[in-house]
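Everything below concerns the one structure shown next.
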Amino acid sequence: MNIKPLSVPRSDLAIELAQSLLKQENTCEKSSQSFPEGLSVHTKKHGSVEITCVKITTPAVAQKLQKPRGRYITIQTPPLWNSLLDPQDEINAAADCIRELLPSHGSVLVAGLGNNQITPDALGPAVINRILATRHLKGELAKQTGLDTLRKTSAIAPGVMGQTGIETGEILSALVNFIRPDAVIAVDSLAAQDYSHLGKTIQISDSGISPGSGVQNSRKEISEKTMGIPVISIGVPTVIDGATLTAEFSQKPKEEIDPSARCAMVTPREVDRMIGHSAKFISLAINKALYPELSLEEISFLCA
């Protein structure tokens, strides 16, 4: 069956795509609108933090949204470029969500995707600099450092094909085959269609990731299907399509926007601070998910 994909601006956020689908289909009164079969959206509380969970369960909806089947968890955060804020509640909520999607035991490979020479795309490599890697700590050394009981974790920033000549998916596939982790956590910058989500949203998913998909430069999929083990993806939206932004602020239909605007990807002027603080947030959440016995203060000390 040929299903027409949803006609929406570029976005990696499942919550935006789900909302666009509901708006586009618009087959009934607003008060009685509901999502189609195979797509569920619900909100829950984690302490003071609101978490939105999108679940895609059927191939038809996956094709419509152009997103793989799986769970997509969205956490709204304070602006991640504000160094005066320390959103511990949101970090703990993200850590619990990550841990929920991971196998309960076994080693983990954390991969920071992206290009560290392009600021909006440098989130993944920046996160890797703060991951507490423990796979190499064995025997007496592990005991002396007091880290012998921690989960075995390795971390890598594989770069992009333009830097290495190798697909990121190929590098990770080779690593998975060699070191045999039980799961992969992939971190990458995302694209949004709503400017208010830039630097204020964390998306966590068990569906894997296609690097570059948000900017129409999709590379080899990194997922359980291609890696053979669970792949958890984590990201923060750092860019928005120029045509989408113009349409949002001008209130004009996208069809009336100059097509050349689609060649531009826009990022906030605070992008340097946004990447730095987003990387700190995500690394703390990942480390807390992997090492729940450690406090955030202990993690910050070990990763300094």
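Chain lettering (A, B, ...) mirrors the order of the structure tokens, residue numbering begins at 1 for each chain separately, and ligand numbering begins at 1 in order of display.
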
inquiry  = Which of segment 128-261 of chain A end up as helix (DSSP H, G or I) when DSSP is run on this backbone - answer as a PyMOL selection string?
reply    = chain A and resi 128+139-145+161-164+168-179+195-197+213-215+224-227+242-250+254-256+259-261

key: Selection near Cys263 of chain A, 9 Å with only C-alpha atoms, sequence-local residues under 6 positions removed, as number ranges by chain   = A: 241-243

Backbone DSSP call of strand (DSSP E) for segment 152-269 of chain A, listed as number ranges by chain = A: 153-156, 183-192, 201-205, 231-241, 265-266

Could you name the residues that touch Val54 of chain A at 8 Å or less, counting only C-alpha atoms, but leaving out those on the same chain fewer than 5 positions away, as a CSV table (one decimal) with N, CA and C atoms, in the first residue's frame?
```csv
chain,number,residue,atom,x,y,z
A,14,ALA,N,9.6,13.9,17.3
A,14,ALA,CA,8.3,13.1,17.1
A,14,ALA,C,7.1,13.8,17.5
A,15,ILE,N,7.2,14.6,18.6
A,15,ILE,CA,6.1,15.3,19.2
A,15,ILE,C,5.6,16.4,18.2
A,18,ALA,N,3.8,14.4,15.3
A,18,ALA,CA,2.5,14.0,15.8
A,18,ALA,C,1.5,15.1,15.8
A,39,LEU,N,-0.6,5.5,16.7
A,39,LEU,CA,0.1,6.6,17.2
A,39,LEU,C,-0.5,7.0,18.6
A,40,SER,N,0.3,7.0,19.6
A,40,SER,CA,-0.3,7.5,20.9
A,40,SER,C,0.6,8.5,21.5
A,41,VAL,N,0.0,9.5,22.1
A,41,VAL,CA,0.8,10.6,22.8
A,41,VAL,C,0.2,10.8,24.1
A,42,HIS,N,1.0,10.7,25.2
A,42,HIS,CA,0.5,11.0,26.5
A,42,HIS,C,1.6,11.7,27.3
A,71,ARG,N,9.5,4.3,20.8
A,71,ARG,CA,9.1,5.3,21.8
A,71,ARG,C,10.0,6.5,21.7
A,72,TYR,N,9.4,7.7,21.8
A,72,TYR,CA,10.0,9.0,21.7
A,72,TYR,C,9.6,9.8,22.9
A,73,ILE,N,10.6,10.1,23.8
A,73,ILE,CA,10.3,10.8,25.0
A,73,ILE,C,10.8,12.2,24.9
```

message = List as a PyMOL selection string the protein and nucleic acid residues near Leu132 of chain A, meaning an atom at most 8 Å away when only C-alpha atoms are counted, but skip any in the same chain fewer than 4 places from it.
response = chain A and resi 153+287+299+302-303

With all heavy atoms kept, could you save the residues just selected as a tab-separated table (two decimals), in the first residue's frame?
```tsv
chain	number	residue	atom	x	y	z
A	153	THR	N	31.63	0.95	30.43
A	153	THR	CA	31.20	1.92	29.42
A	153	THR	C	32.38	2.38	28.58
A	153	THR	O	33.47	2.61	29.10
A	153	THR	CB	30.56	3.15	30.10
A	153	THR	OG1	29.45	2.72	30.90
A	153	THR	CG2	30.08	4.15	29.08
A	287	ASN	N	25.51	9.63	32.33
A	287	ASN	CA	26.33	9.07	33.41
A	287	ASN	C	25.45	8.64	34.60
A	287	ASN	O	25.70	7.59	35.20
A	287	ASN	CB	27.37	10.10	33.87
A	287	ASN	CG	28.52	10.24	32.89
A	287	ASN	OD1	28.94	9.27	32.27
A	287	ASN	ND2	29.02	11.45	32.74
A	299	ILE	N	29.63	12.50	39.99
A	299	ILE	CA	29.83	12.37	38.53
A	299	ILE	C	30.56	13.60	37.99
A	299	ILE	O	31.51	13.47	37.19
A	299	ILE	CB	28.47	12.19	37.82
A	299	ILE	CG1	27.89	10.82	38.16
A	299	ILE	CG2	28.63	12.35	36.31
A	299	ILE	CD1	26.45	10.63	37.71
A	302	LEU	N	34.26	13.34	38.91
A	302	LEU	CA	35.01	12.32	38.18
A	302	LEU	C	35.21	12.70	36.71
A	302	LEU	O	36.17	12.25	36.07
A	302	LEU	CB	34.26	10.98	38.25
A	302	LEU	CG	34.27	10.30	39.63
A	302	LEU	CD1	33.30	9.13	39.66
A	302	LEU	CD2	35.68	9.81	39.98
A	303	CYS	N	34.29	13.50	36.16
A	303	CYS	CA	34.36	13.86	34.73
A	303	CYS	C	34.97	15.23	34.49
A	303	CYS	O	35.03	15.69	33.35
A	303	CYS	CB	32.98	13.80	34.10
A	303	CYS	SG	32.24	12.17	34.13
```

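Using only C-alpha atoms, the shortest contact distance between Ala285 of chain A and any of A:Asp12, A:His136, A:Gly235, A:Ser189 is found at A:Gly235.
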
query = Separation of atom CA of Ala133 of chain A and atom CA of Ala155 of chain A, in Å?
reply = 6.3 Å

When you look at Lys280 of chain A with a cut-off of 9 Å (counting only C-alpha atoms), what residues show up, excluding the ones that are within fewer than 5 positions of it in the same chain? I need them as a PDB file with N, CA and C atoms, in the first residue's frame.
```
ATOM      1  N   ALA A 126      30.933  16.949  21.970  1.00  0.00           N
ATOM      2  CA  ALA A 126      31.062  17.649  23.251  1.00  0.00           C
ATOM      3  C   ALA A 126      30.582  16.778  24.408  1.00  0.00           C
ATOM      4  N   VAL A 127      29.564  15.978  24.185  1.00  0.00           N
ATOM      5  CA  VAL A 127      29.071  15.067  25.226  1.00  0.00           C
ATOM      6  C   VAL A 127      30.122  14.017  25.560  1.00  0.00           C
ATOM      7  N   ARG A 130      32.661  14.362  28.271  1.00  0.00           N
ATOM      8  CA  ARG A 130      32.228  14.336  29.672  1.00  0.00           C
ATOM      9  C   ARG A 130      31.696  12.966  30.108  1.00  0.00           C
ATOM     10  N   ILE A 275      25.328  24.686  23.087  1.00  0.00           N
ATOM     11  CA  ILE A 275      25.995  23.404  22.893  1.00  0.00           C
ATOM     12  C   ILE A 275      26.742  22.997  24.156  1.00  0.00           C
ATOM     13  N   ALA A 285      23.104  13.275  32.488  1.00  0.00           N
ATOM     14  CA  ALA A 285      21.960  12.355  32.444  1.00  0.00           C
ATOM     15  C   ALA A 285      22.404  10.952  32.046  1.00  0.00           C
TER      16      ALA A 285
END
```

ask   = Nearest to Ser173 of chain A among A:Gly276, A:Pro120, A:Gly228, A:Pro125, with distances taken over only C-alpha atoms: which residue is it?
value = A:Gly228

query = Can you tell me, as number ranges by chain, what residues are no more than 9 Å from segment 105-116 of chain A when counting only C-alpha atoms, ignoring any on the same chain fewer than 4 positions away?
reply = A: 120-128, 131, 135, 151-160, 163, 168, 172, 175-176, 179-189, 211-212, 286, 290

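Using only C-alpha atoms, the nearest neighbour of Ala304 of chain A within the list A:Leu284, A:Ser223, A:Gln251, A:Gln193 is A:Leu284.
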